[in-house]
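> Contents of my_file.cif (mmCIF, C-alpha atoms) are given next:
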data_input
#
loop_
_atom_site.label_atom_id
_atom_site.label_comp_id
_atom_site.auth_asym_id
_atom_site.auth_seq_id
_atom_site.Cartn_x
_atom_site.Cartn_y
_atom_site.Cartn_z
CA MET A 1 124.74 92.92 79.15
CA LYS A 2 126.81 94.20 82.05
CA ILE A 3 124.61 94.92 85.05
CA ALA A 4 125.95 96.29 88.33
CA ILE A 5 124.03 95.88 91.57
CA ILE A 6 125.30 98.52 93.99
CA LYS A 7 126.76 96.88 97.07
CA TYR A 8 126.03 98.52 100.43
CA ASN A 9 123.95 97.48 103.42
CA ALA A 10 120.67 97.02 101.49
CA GLY A 11 118.74 94.04 102.80
CA ASN A 12 117.36 92.93 99.45
CA THR A 13 120.61 92.74 97.46
CA GLN A 14 120.58 88.95 97.35
CA SER A 15 116.90 88.83 96.38
CA VAL A 16 117.54 91.19 93.46
CA ALA A 17 120.50 89.04 92.39
CA PHE A 18 118.40 85.86 92.52
CA ALA A 19 115.63 87.53 90.50
CA LEU A 20 118.16 88.39 87.78
CA ASP A 21 119.42 84.79 87.89
CA ARG A 22 115.87 83.57 87.30
CA ILE A 23 115.46 85.71 84.20
CA GLY A 24 118.90 84.71 82.95
CA ILE A 25 120.70 88.04 83.31
CA SER A 26 124.30 88.16 84.54
CA TYR A 27 125.44 90.84 86.96
CA THR A 28 128.08 91.83 89.47
CA ILE A 29 127.42 93.04 93.00
CA THR A 30 129.96 95.79 93.51
CA ASP A 31 130.88 99.00 95.29
CA ASN A 32 133.83 99.66 92.97
CA PRO A 33 133.24 103.07 91.29
CA GLU A 34 135.01 102.13 88.05
CA GLU A 35 133.06 98.89 87.72
CA ILE A 36 129.76 100.66 88.40
CA LYS A 37 130.56 103.44 85.91
CA ALA A 38 131.53 100.92 83.23
CA SER A 39 128.34 98.85 83.50
CA GLU A 40 125.49 99.23 81.03
CA LYS A 41 122.82 99.36 83.68
CA VAL A 42 122.81 99.84 87.42
CA ILE A 43 120.41 98.54 90.05
CA PHE A 44 120.30 100.41 93.34
CA PRO A 45 118.52 98.12 95.81
CA GLY A 46 117.33 99.16 99.24
CA VAL A 47 115.74 97.72 102.31
CA GLY A 48 116.39 99.18 105.70
CA GLU A 49 116.44 102.55 107.42
CA ALA A 50 117.22 105.77 105.50
CA SER A 51 119.84 107.44 107.72
CA THR A 52 121.79 104.21 108.26
CA ALA A 53 121.70 103.49 104.52
CA MET A 54 122.90 107.02 103.62
CA LYS A 55 125.82 106.62 106.05
CA TYR A 56 126.89 103.42 104.32
CA LEU A 57 126.69 105.20 100.95
CA GLU A 58 128.68 108.19 102.22
CA ASN A 59 131.36 105.96 103.73
CA LYS A 60 131.95 104.46 100.31
CA ASN A 61 131.53 107.78 98.44
CA LEU A 62 128.63 106.20 96.58
CA ASP A 63 126.54 109.29 97.41
CA GLN A 64 128.88 111.20 95.10
CA LEU A 65 129.02 108.53 92.42
CA ILE A 66 125.33 107.66 91.93
CA PRO A 67 124.17 111.16 90.81
CA GLN A 68 126.96 111.23 88.21
CA LEU A 69 125.90 108.01 86.51
CA LYS A 70 124.74 108.38 82.89
CA GLN A 71 123.41 104.89 82.17
CA PRO A 72 119.93 103.70 83.25
CA VAL A 73 119.80 103.33 87.05
CA LEU A 74 116.89 101.60 88.81
CA GLY A 75 116.26 102.41 92.48
CA ILE A 76 114.16 99.85 94.35
CA CYS A 77 112.13 100.60 97.52
CA LEU A 78 114.50 102.42 99.89
CA GLY A 79 116.74 102.92 96.85
CA MET A 80 113.95 104.98 95.28
CA GLN A 81 113.46 106.96 98.48
CA LEU A 82 117.19 107.69 98.76
CA MET A 83 117.05 109.15 95.23
CA CYS A 84 114.79 111.90 96.59
CA GLN A 85 115.84 115.19 98.17
CA SER A 86 115.23 114.16 101.77
CA SER A 87 113.31 111.70 103.91
CA GLU A 88 111.23 112.22 107.03
CA GLU A 89 112.76 108.97 108.28
CA ASN A 90 115.17 110.36 110.87
CA ASP A 91 115.35 113.64 108.87
CA THR A 92 117.77 112.26 106.35
CA LYS A 93 119.30 114.28 103.53
CA CYS A 94 119.31 112.08 100.42
CA LEU A 95 120.71 112.12 96.87
CA ASN A 96 118.34 114.76 95.43
CA LEU A 97 117.82 113.18 92.01
CA PHE A 98 114.07 113.70 92.41
CA ASP A 99 113.10 117.00 94.08
CA GLN A 100 110.73 115.29 96.49
CA THR A 101 110.43 114.82 100.25
CA VAL A 102 109.76 111.26 101.38
CA LYS A 103 106.89 111.27 103.88
CA ARG A 104 105.66 108.89 106.54
CA PHE A 105 102.24 107.28 106.18
CA ASP A 106 99.79 108.24 108.92
CA ALA A 107 98.42 104.92 110.17
CA THR A 108 94.69 104.57 110.69
CA GLN A 109 92.65 101.86 112.36
CA ILE A 110 91.90 100.33 108.96
CA SER A 111 95.11 101.12 107.16
CA LYS A 112 98.12 99.73 108.99
CA VAL A 113 101.69 100.94 108.60
CA PRO A 114 103.96 99.54 107.19
CA HIS A 115 101.97 99.19 103.97
CA THR A 116 102.61 95.47 103.63
CA GLY A 117 101.43 93.20 100.87
CA TRP A 118 100.19 93.07 97.30
CA ASN A 119 98.60 96.21 95.92
CA ASN A 120 97.74 97.27 92.37
CA LEU A 121 99.33 99.84 90.09
CA THR A 122 97.21 102.57 88.51
CA LYS A 123 97.85 105.23 85.85
CA SER A 124 100.83 103.25 84.62
CA LYS A 125 102.59 104.97 81.73
CA GLY A 126 106.03 105.91 80.38
CA TRP A 127 108.67 103.23 80.78
CA LEU A 128 106.26 100.89 82.52
CA GLY A 129 103.52 101.28 79.97
CA SER A 130 99.79 100.83 80.40
CA GLU A 131 100.10 97.02 80.30
CA PHE A 132 100.95 97.11 84.02
CA ASP A 133 97.81 99.01 84.94
CA ASN A 134 95.92 97.10 87.62
CA THR A 135 98.61 94.45 88.05
CA PHE A 136 99.58 93.47 91.60
CA VAL A 137 103.05 94.01 93.03
CA TYR A 138 104.50 93.54 96.49
CA PHE A 139 105.07 96.50 98.80
CA VAL A 140 106.54 96.80 102.27
CA HIS A 141 107.25 100.35 103.41
CA SER A 142 106.29 102.98 105.98
CA TYR A 143 107.40 106.02 103.95
CA TYR A 144 106.25 107.13 100.52
CA VAL A 145 107.01 109.59 97.74
CA PRO A 146 103.99 111.78 96.90
CA VAL A 147 102.62 111.82 93.36
CA ASN A 148 104.71 114.32 91.36
CA PRO A 149 105.54 115.19 87.73
CA HIS A 150 108.03 112.29 87.58
CA THR A 151 105.47 109.68 88.66
CA VAL A 152 104.84 106.97 86.02
CA ALA A 153 102.62 104.69 88.14
CA GLN A 154 100.59 105.25 91.26
CA THR A 155 99.25 103.08 94.05
CA ASP A 156 96.55 104.03 96.49
CA TYR A 157 97.12 103.41 100.20
CA ILE A 158 95.87 106.00 102.68
CA VAL A 159 96.88 108.47 99.93
CA PRO A 160 97.77 107.97 96.27
CA PHE A 161 101.58 107.77 96.13
CA SER A 162 104.34 107.19 93.56
CA ALA A 163 104.72 103.49 92.83
CA ALA A 164 107.20 104.22 90.02
CA MET A 165 109.05 107.28 88.75
CA LYS A 166 111.51 108.34 86.07
CA LYS A 167 113.67 111.37 85.49
CA ASP A 168 116.37 111.37 82.81
CA ASN A 169 118.33 108.11 83.26
CA PHE A 170 117.00 107.52 86.78
CA PHE A 171 114.21 104.95 87.16
CA ALA A 172 112.61 104.08 90.47
CA VAL A 173 110.03 101.72 91.95
CA GLN A 174 108.62 101.72 95.48
CA PHE A 175 107.54 98.07 95.28
CA HIS A 176 109.75 95.00 95.07
CA PRO A 177 109.89 93.68 91.50
CA GLU A 178 112.32 91.02 92.75
CA LYS A 179 109.53 89.64 94.97
CA SER A 180 106.48 90.26 92.79
CA ALA A 181 106.24 86.89 91.03
CA GLU A 182 105.84 86.95 87.22
CA ILE A 183 104.73 90.60 87.09
CA GLY A 184 107.87 91.64 88.93
CA GLU A 185 110.06 89.74 86.49
CA LYS A 186 108.31 91.46 83.58
CA ILE A 187 108.94 94.86 85.17
CA LEU A 188 112.64 94.09 85.66
CA LYS A 189 112.84 93.07 82.01
CA GLN A 190 111.04 96.27 81.04
CA PHE A 191 113.71 98.32 82.81
CA LEU A 192 116.52 96.30 81.22
CA LYS A 193 115.17 97.14 77.73
CA ASN A 194 116.16 100.80 78.23
CA MET B 1 93.59 98.26 96.86
CA LEU B 2 95.80 96.44 99.33
CA THR B 3 94.83 92.78 99.27
CA LYS B 4 94.56 90.27 102.11
CA ARG B 5 97.38 87.74 102.20
CA ILE B 6 97.25 83.94 102.32
CA ILE B 7 100.39 82.50 103.90
CA PRO B 8 101.22 78.79 104.03
CA CYS B 9 103.61 77.96 106.87
CA LEU B 10 106.19 75.21 106.46
CA ASP B 11 107.81 73.62 109.49
CA VAL B 12 111.35 72.56 108.68
CA LYS B 13 113.43 70.15 110.73
CA ASP B 14 117.03 69.39 109.78
CA GLY B 15 116.36 70.78 106.32
CA ARG B 16 113.16 68.83 105.61
CA THR B 17 109.49 69.77 105.86
CA VAL B 18 107.95 67.70 108.61
CA LYS B 19 104.20 67.56 108.23
CA GLY B 20 102.85 64.74 106.09
CA ILE B 21 102.26 66.11 102.67
CA ASN B 22 100.72 64.54 99.65
CA PHE B 23 100.83 66.57 96.48
CA GLU B 24 100.29 65.45 92.98
CA GLY B 25 103.13 66.44 90.73
CA LEU B 26 105.58 66.98 93.54
CA ARG B 27 108.31 64.36 93.52
CA ASP B 28 109.64 65.17 96.95
CA ALA B 29 107.13 66.75 99.33
CA GLY B 30 109.75 66.86 102.05
CA ASP B 31 111.80 69.34 100.06
CA PRO B 32 110.99 72.83 101.38
CA VAL B 33 112.36 74.50 98.24
CA ALA B 34 110.10 72.55 95.87
CA LEU B 35 107.07 72.88 98.12
CA GLY B 36 107.59 76.63 98.53
CA ALA B 37 107.90 77.06 94.76
CA LEU B 38 104.68 75.10 94.25
CA TYR B 39 102.76 77.26 96.73
CA ALA B 40 104.11 80.40 95.06
CA LYS B 41 102.93 79.10 91.70
CA GLN B 42 99.49 78.35 93.13
CA GLY B 43 99.07 81.95 94.24
CA ALA B 44 100.27 82.04 97.86
CA ASP B 45 101.02 85.66 98.75
CA GLU B 46 103.89 84.97 101.11
CA LEU B 47 105.53 81.99 102.76
CA VAL B 48 106.78 81.32 106.27
CA PHE B 49 109.52 78.78 106.94
CA LEU B 50 109.85 77.86 110.58
CA ASP B 51 112.98 76.06 111.70
CA ILE B 52 112.08 73.56 114.39
CA SER B 53 115.46 71.83 114.44
CA ALA B 54 116.64 71.08 117.93
CA THR B 55 120.36 70.89 117.18
CA ASN B 56 123.06 73.27 115.99
CA GLU B 57 123.64 71.03 112.98
CA GLY B 58 119.96 71.32 112.09
CA ARG B 59 120.09 75.09 112.40
CA GLY B 60 123.14 75.23 110.16
CA THR B 61 121.31 73.19 107.54
CA PHE B 62 118.42 75.65 107.71
CA ALA B 63 120.67 78.66 107.03
CA GLU B 64 121.97 76.94 103.90
CA LEU B 65 118.43 76.07 102.90
CA VAL B 66 117.38 79.75 103.05
CA ILE B 67 119.77 80.48 100.17
CA GLU B 68 118.16 77.74 98.08
CA ILE B 69 114.66 78.96 98.94
CA ALA B 70 115.56 82.55 98.02
CA ALA B 71 116.98 81.44 94.69
CA GLU B 72 113.70 79.74 93.75
CA CYS B 73 111.06 81.79 95.54
CA THR B 74 109.46 84.60 93.50
CA ILE B 75 107.34 85.86 96.43
CA PRO B 76 108.36 87.21 99.85
CA PHE B 77 109.18 84.79 102.63
CA THR B 78 109.73 85.01 106.36
CA VAL B 79 112.03 82.75 108.33
CA GLY B 80 111.76 82.03 112.02
CA GLY B 81 112.96 79.72 114.75
CA GLY B 82 115.99 80.09 116.96
CA ILE B 83 116.81 83.68 116.01
CA ASN B 84 118.61 85.34 118.93
CA SER B 85 120.79 88.15 117.68
CA VAL B 86 121.52 90.87 115.13
CA LYS B 87 124.13 88.50 113.72
CA ASP B 88 121.56 85.72 113.17
CA VAL B 89 119.26 88.14 111.33
CA ASP B 90 122.08 89.60 109.26
CA ARG B 91 123.00 86.12 108.05
CA LEU B 92 119.41 85.18 107.16
CA LEU B 93 118.64 88.45 105.34
CA LYS B 94 121.92 88.25 103.44
CA ALA B 95 120.97 84.71 102.44
CA GLY B 96 117.86 86.17 100.83
CA ALA B 97 115.08 86.01 103.44
CA ASP B 98 112.74 89.01 103.28
CA LYS B 99 111.65 89.05 106.91
CA VAL B 100 112.49 87.28 110.13
CA SER B 101 110.14 86.35 112.91
CA ILE B 102 111.25 86.43 116.52
CA ASN B 103 109.36 84.98 119.44
CA SER B 104 111.02 83.56 122.59
CA SER B 105 114.18 85.64 122.15
CA ALA B 106 112.15 88.86 122.07
CA VAL B 107 110.29 87.95 125.26
CA LYS B 108 113.60 87.18 126.97
CA ASN B 109 115.30 90.31 125.64
CA PRO B 110 112.79 92.91 124.35
CA ASP B 111 115.65 95.28 123.39
CA LEU B 112 116.40 92.85 120.57
CA ILE B 113 113.35 94.25 118.72
CA ASN B 114 114.77 97.79 118.91
CA GLU B 115 118.21 96.65 117.79
CA LEU B 116 116.85 94.73 114.80
CA ALA B 117 114.51 97.54 113.74
CA LYS B 118 117.32 100.08 113.85
CA GLU B 119 119.74 97.90 111.90
CA PHE B 120 117.41 96.37 109.30
CA GLY B 121 114.21 98.45 109.38
CA SER B 122 110.86 97.60 110.97
CA GLN B 123 109.47 96.19 107.74
CA CYS B 124 111.45 92.96 108.08
CA ILE B 125 110.85 92.33 111.79
CA VAL B 126 107.85 90.13 112.56
CA LEU B 127 107.01 89.68 116.23
CA ALA B 128 105.48 86.21 116.63
CA ILE B 129 103.31 85.82 119.71
CA ASP B 130 101.87 82.52 120.95
CA ALA B 131 99.12 83.15 123.46
CA GLN B 132 96.58 81.13 125.42
CA HIS B 133 93.26 82.31 126.77
CA ALA B 134 92.58 81.24 130.36
CA ASN B 135 90.68 82.86 133.22
CA GLY B 136 89.76 85.86 131.10
CA ASP B 137 93.29 86.75 130.00
CA TRP B 138 95.38 86.03 126.95
CA MET B 139 98.81 85.08 128.30
CA VAL B 140 101.98 84.81 126.21
CA TYR B 141 103.91 81.54 126.00
CA THR B 142 107.37 80.89 124.60
CA HIS B 143 109.42 77.92 123.41
CA GLY B 144 106.75 76.62 121.09
CA GLY B 145 104.00 77.11 123.66
CA LYS B 146 105.78 75.11 126.36
CA LYS B 147 106.82 77.90 128.69
CA SER B 148 104.45 80.36 130.35
CA THR B 149 105.39 84.01 130.86
CA ASP B 150 103.95 86.93 132.82
CA LYS B 151 103.28 88.86 129.61
CA GLU B 152 99.77 89.56 128.38
CA LEU B 153 99.01 89.46 124.64
CA TYR B 154 97.75 93.00 124.01
CA SER B 155 100.30 94.85 126.12
CA TRP B 156 103.13 92.76 124.64
CA ALA B 157 101.90 93.46 121.11
CA ARG B 158 101.75 97.20 121.87
CA GLU B 159 105.23 97.10 123.37
CA GLY B 160 106.50 95.22 120.32
CA GLU B 161 105.06 97.86 118.01
CA GLN B 162 106.60 100.67 120.05
CA ARG B 163 109.96 98.93 119.99
CA GLY B 164 109.85 98.72 116.20
CA ALA B 165 108.23 95.45 115.10
CA GLY B 166 106.69 95.82 111.65
CA GLU B 167 104.12 93.06 111.93
CA ILE B 168 102.50 90.81 114.55
CA LEU B 169 102.06 87.08 113.91
CA PHE B 170 99.52 86.02 116.53
CA THR B 171 98.91 82.32 117.12
CA SER B 172 96.07 81.35 119.40
CA MET B 173 97.11 78.19 121.24
CA ASN B 174 93.44 77.57 122.06
CA HIS B 175 92.58 77.42 118.38
CA ASP B 176 95.76 75.96 116.89
CA GLY B 177 95.15 72.45 115.57
CA THR B 178 91.39 72.49 116.25
CA LYS B 179 90.31 73.40 112.69
CA ASN B 180 87.36 75.20 114.27
CA GLY B 181 88.21 78.69 113.05
CA PHE B 182 90.52 81.52 114.06
CA ALA B 183 90.45 83.48 117.36
CA ILE B 184 88.17 86.16 115.96
CA ALA B 185 87.44 88.16 119.13
CA ALA B 186 91.10 88.34 120.15
CA LEU B 187 92.16 89.34 116.63
CA ASN B 188 89.56 92.05 116.61
CA GLU B 189 90.80 93.44 119.91
CA LEU B 190 94.42 93.17 118.78
CA GLY B 191 93.56 95.22 115.70
CA LYS B 192 92.36 98.02 117.98
CA GLN B 193 95.52 97.92 120.06
CA VAL B 194 98.17 98.17 117.33
CA THR B 195 98.51 99.94 113.99
CA ILE B 196 100.91 97.45 112.37
CA PRO B 197 99.64 94.57 110.22
CA ILE B 198 98.43 91.40 111.93
CA ILE B 199 98.88 87.87 110.63
CA ALA B 200 96.31 85.49 112.13
CA SER B 201 97.35 81.93 112.89
CA GLY B 202 95.73 78.91 114.46
CA GLY B 203 92.39 77.28 113.73
CA ALA B 204 92.00 77.27 109.95
CA GLY B 205 89.76 74.37 108.94
CA THR B 206 87.44 75.54 106.17
CA MET B 207 87.40 78.24 103.53
CA SER B 208 84.69 80.12 105.42
CA HIS B 209 87.08 80.44 108.37
CA PHE B 210 89.26 82.60 106.14
CA VAL B 211 86.30 84.83 105.26
CA ASP B 212 85.62 85.23 109.00
CA VAL B 213 89.22 86.02 109.88
CA PHE B 214 89.31 88.87 107.37
CA LYS B 215 85.75 90.18 107.70
CA GLU B 216 85.13 89.66 111.42
CA GLY B 217 88.67 89.43 112.76
CA GLY B 218 90.05 92.28 110.64
CA ALA B 219 93.30 90.40 110.06
CA ASP B 220 95.64 91.58 107.30
CA ALA B 221 96.89 88.08 106.53
CA ALA B 222 96.01 84.51 107.45
CA LEU B 223 98.52 81.78 108.04
CA ALA B 224 97.81 78.07 107.95
CA ALA B 225 99.73 74.85 107.62
CA SER B 226 97.95 71.51 107.62
CA VAL B 227 94.88 72.49 105.56
CA PHE B 228 97.28 73.37 102.75
CA HIS B 229 99.82 70.61 103.28
CA PHE B 230 97.21 67.85 103.37
CA GLY B 231 95.44 69.27 100.33
CA GLU B 232 92.22 69.93 102.26
CA ILE B 233 92.12 73.46 100.88
CA ALA B 234 93.72 74.31 97.54
CA ILE B 235 95.04 77.87 97.40
CA PRO B 236 93.50 78.75 94.00
CA ASP B 237 90.07 77.56 95.26
CA LEU B 238 90.47 79.52 98.48
CA LYS B 239 91.39 82.70 96.66
CA SER B 240 88.42 82.53 94.29
CA TYR B 241 86.12 81.73 97.24
CA LEU B 242 87.39 84.81 99.11
CA ARG B 243 86.96 86.95 96.01
CA ASP B 244 83.36 85.73 95.70
CA ASN B 245 82.88 86.87 99.28
CA ASP B 246 84.02 90.40 98.44
CA ILE B 247 87.43 90.16 100.02
CA ALA B 248 90.26 91.97 98.24
CA ILE B 249 92.54 89.24 96.91
CA ARG B 250 95.42 89.34 94.46
CA ASN B 251 94.54 87.79 91.11
#
Please render this file's structure as C-alpha cells.


Amino acid sequence: MKIAIIKYNAGNTQSVAFALDRIGISYTITDNPEEIKASEKVIFPGVGEASTAMKYLENKNLDQLIPQLKQPVLGICLGMQLMCQSSEENDTKCLNLFDQTVKRFDATQISKVPHTGWNNLTKSKGWLGSEFDNTFVYFVHSYYVPVNPHTVAQTDYIVPFSAAMKKDNFFAVQFHPEKSAEIGEKILKQFLKN
Amino acid sequence: MLTKRIIPCLDVKDGRTVKGINFEGLRDAGDPVALGALYAKQGADELVFLDISATNEGRGTFAELVIEIAAECTIPFTVGGGINSVKDVDRLLKAGADKVSINSSAVKNPDLINELAKEFGSQCIVLAIDAQHANGDWMVYTHGGKKSTDKELYSWAREGEQRGAGEILFTSMNHDGTKNGFAIAALNELGKQVTIPIIASGGAGTMSHFVDVFKEGGADAALAASVFHFGEIAIPDLKSYLRDNDIAIRN
C-alpha cells in the first residue's frame, strides 16, 4: 500500500510516521504533488498554530492540491481543523472541505484549556464503528469543531465536540491516534481499510 | 470524561536513566527506551524524559535518544533539560517529542515562551517551575533548584500562561524527595490563578497521596519518579486504586 504523509510544518509528522512503522505500514513523507496524487491513501498530520500552518500549505500550493484529492485522506488534530471552512485561531481561512467554523474552548475553573489528556469517544459510528464507543484516546487542543452532520464520534469537554468526522473521501480525527496506544493503532488501521 | 494523568519522570544522563531501578523482566533498566515502553505498557498516561547531562556530548546523545524513544513510545512524551531556543525545540519535536518543557531558559528570557508558542503552538509548551516556600512566599528557583530568582510562583505561572504556555509543571522543592505527599495548598491556589492544566510534582510516597493531589489539590496530572522506579508503587495498582476512589482514570 502506498501511503503519503503530507510534508509541511506539522509538529507530529514524525510521530505519525513512527506509528505506521509500528503497525508495519510503509509510507513516504512528501510535499510532491504528483507523489501525493499517486498514493493510495494520504495522511494530513497537524500540530501547531492554524494561520502559520495555512501559510506553509499555501507556500507549497498544498492548499490547492488537498481539496482535489480523490483517495481517502485522514486529517489529524490541526489537520482536521484545517479541513474546515475557517478557524477562530487568528481568524484563519482554511480548506473548506467541511463547512464548519473551528471554535475556541472557553476555559472554566474546572475545565482547563488546552483540553489535554485521555478522554473517551461517544456515539461512535460510520467508519469508526461502535466498537470504539467509550474507548480512550489522547487529545491536546484549544480549538474544536462543533458536532455537525459529518460527525462520526463525539467527545465531551466543556461542550460535546467532533472527535471524528467524514465527508466523501475526507476522514478526520481531533485526537492523536499516533499517540493513543493500542486503541490509536486500531483506529489508524481502521482508516487504512478504506 | 477527561481523565487524570499519571506521569512517570525519567532522569537521563548521557543517554542512560540514572535512578536505581529494579524491574522484573527488564534486561537493562538503564535504557530509557525500554523503561519508557514498559511504563507505557503498564498504563502510564504520559512520560517525561529529563536530560540532566552536564556536557554538550551528553546533550547530543539525548537528542539521538529522543528519536529512539519516539519510535517505541505509543503514548505522548515530554522532553526537558537544557532547552534554550526555537532551534532546540524544532529539533526535538522533529525527532518525535510531543511536548517540551522549559524552565531556567524561560526565567532568563520570558519572550522565549511567546516565540515557542507562536512557532509550535501552546499545546506543546510546558512551563516547568521549581519553587520553594519560605517566609510565606513561594519563590521560583532555576538550574535544578540551585539558583534563587526574584520571581514568585503564582505571578510567574500567570505570566507564563499569558505568554502562551500550554501547561504548568509545578515542582515543590519543599516536598520533592520527602515522600510525604504533594504541595496540596499551593496546587489548589495555582489552580485558581491559571486556566491551563497543571502537572503536580514532588512528594509522592503512597497511593493515597495521588488521591489527595487530584481531589484536594485539583491537579490535572501527577508526576513522580522514585516511587515508580523503585517499584514501590506499580502503575496498574495505582490506577485501580484511584478508580476505586472515584477519580476519572483511563482504563

> Given the choices A:Leu74, A:Val145, A:Ala50, A:Leu69, which gets closest to chain B if the distance is worked out from all atoms listed in the file?

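Distance minimum relative to chain B lands on A:Ala50.
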
> If we count all atoms listed in the file, what is near A:Asn169 at a cut-off of 8 Å, once residues fewer than 6 positions away on the same chain are taken out, given as a list in words?

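Result of the neighbour search: Lys70, Gln71, Pro72 and Val73 of chain A.
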
> Do me a favour and pick out the residues of chain A within 7 Å of chain B, using only C-alpha atoms, as a list in words.

Gly11, Asn12, Gln14, Ser15, Phe18, Gly48, Glu49, Ala107, Thr108, Gln109, Lys112, Val113, Pro114, Gly117, Trp118, Asn119, Asn120, Phe136, Val140, His141, Asp156, Lys179, Ser180 and Ala181 of chain A

> Any chance you could resolve the PyMOL selection byres ((chain A and resi 84) around 12) against this file and give the residues as an NGL selection string?

:A and (50 or 54 or 67 or 75 or 77-83 or 85-88 or 92-103 or 143-146 or 148 or 150 or 162 or 165-167 or 170-172 or 174)

> To test your reading of the syntax: which residues would the PyMOL selection byres ((chain B and resi 201) around 6) return for the file shown? Reply as a list in words.

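Applying the PyMOL selection byres ((chain B and resi 201) around 6) to the structure shown produces Phe170, Thr171, Ala200, Gly202 and Leu223 of chain B.
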
> Using the chain letters and numbers from the file, give me the residues hit by the PyMOL selection byres ((chain B and resi 137) around 12), as a list in words.

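Selected by the PyMOL selection byres ((chain B and resi 137) around 12) in this file: Ala131, Gln132, His133, Ala134, Asn135, Gly136, Trp138, Met139, Val140, Asp150, Lys151, Glu152, Leu153, Tyr154, Ser155 and Ala186 of chain B.
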
> Just to confirm, what's the straight-line distance from atom CA of B:Pro110 to atom CA of B:Glu159 in Å (one decimal)?

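Computing the Euclidean distance for atom CA of B:Pro110 and atom CA of B:Glu159 yields 8.7 Å.
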
> In Å, how far is it from atom CA of B:Ile168 to atom CA of A:Phe161?

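These two atoms are separated by 25.1 Å.
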
> Please tell me which residues are no farther than 8 Å from (106.2, 82.1, 125.0) in the file, counting all atoms listed in the file, and write them as a PyMOL selection string.

chain B and resi 103-104+107+129-131+140-149

> Identify which of the residues B:Ile52, B:Ala185, B:Ala128, B:Leu169 lies closest to B:Ile7, counting all atoms listed in the file when measuring atom-to-atom distances.

B:Leu169

> Using only C-alpha atoms, which residue out of B:Ile233, B:Ile69, B:Ala219, B:Leu190 lies closest to B:Gly205?

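Of B:Ile233, B:Ile69, B:Ala219, B:Leu190, the one nearest B:Gly205 is B:Ile233, counting only C-alpha atoms.
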
> So which one's closest to A:Lys123, A:Thr135, A:Glu35, A:Ile29, A:Gln68? Using only C-alpha atoms, please.

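Checking each of A:Thr135, A:Glu35, A:Ile29, A:Gln68 against A:Lys123, counting only C-alpha atoms, the winner is A:Thr135.
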
> For a quick check of understanding, using all atoms listed in the file, which of A:Arg104, A:Arg22, A:Lys189, A:Lys7 has the smallest distance to A:Tyr56?

A:Lys7

> With all atoms of stretch 48-55 of chain B from the file as input, state the centre and edge lengths in Å to one decimal of the axis-aligned box that has 3 Å extra on each side, as AutoDock Vina command-line options.


--center_x 113.6 --center_y 76.1 --center_z 112.1 --size_x 19.6 --size_y 16.4 --size_z 17.7

> Could you check how far atom CA of B:Thr61 sits from atom CA of A:Ile25, in Å to one decimal?

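Here the two named atoms are 28.4 Å from each other.
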
> Using all atoms listed in the file, find the one residue out of B:Arg163, B:Ile6, B:Gly15, B:Arg91 that sits nearest to B:Thr55.

B:Gly15

> May I have the protein, DNA and RNA residues with any atom at most 8 Å from the point (101.9, 76.9, 107.3), counting all atoms listed in the file, written as a list of chain:residue names?

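Counting all atoms listed in the file, I find these residues within 8 Å of (101.9, 76.9, 107.3): B:Ile7, B:Pro8, B:Cys9, B:Leu10, B:Asp11, B:Leu47, B:Val48, B:Phe49, B:Leu223, B:Ala224, B:Ala225, B:Ser226, B:Phe228, B:His229.
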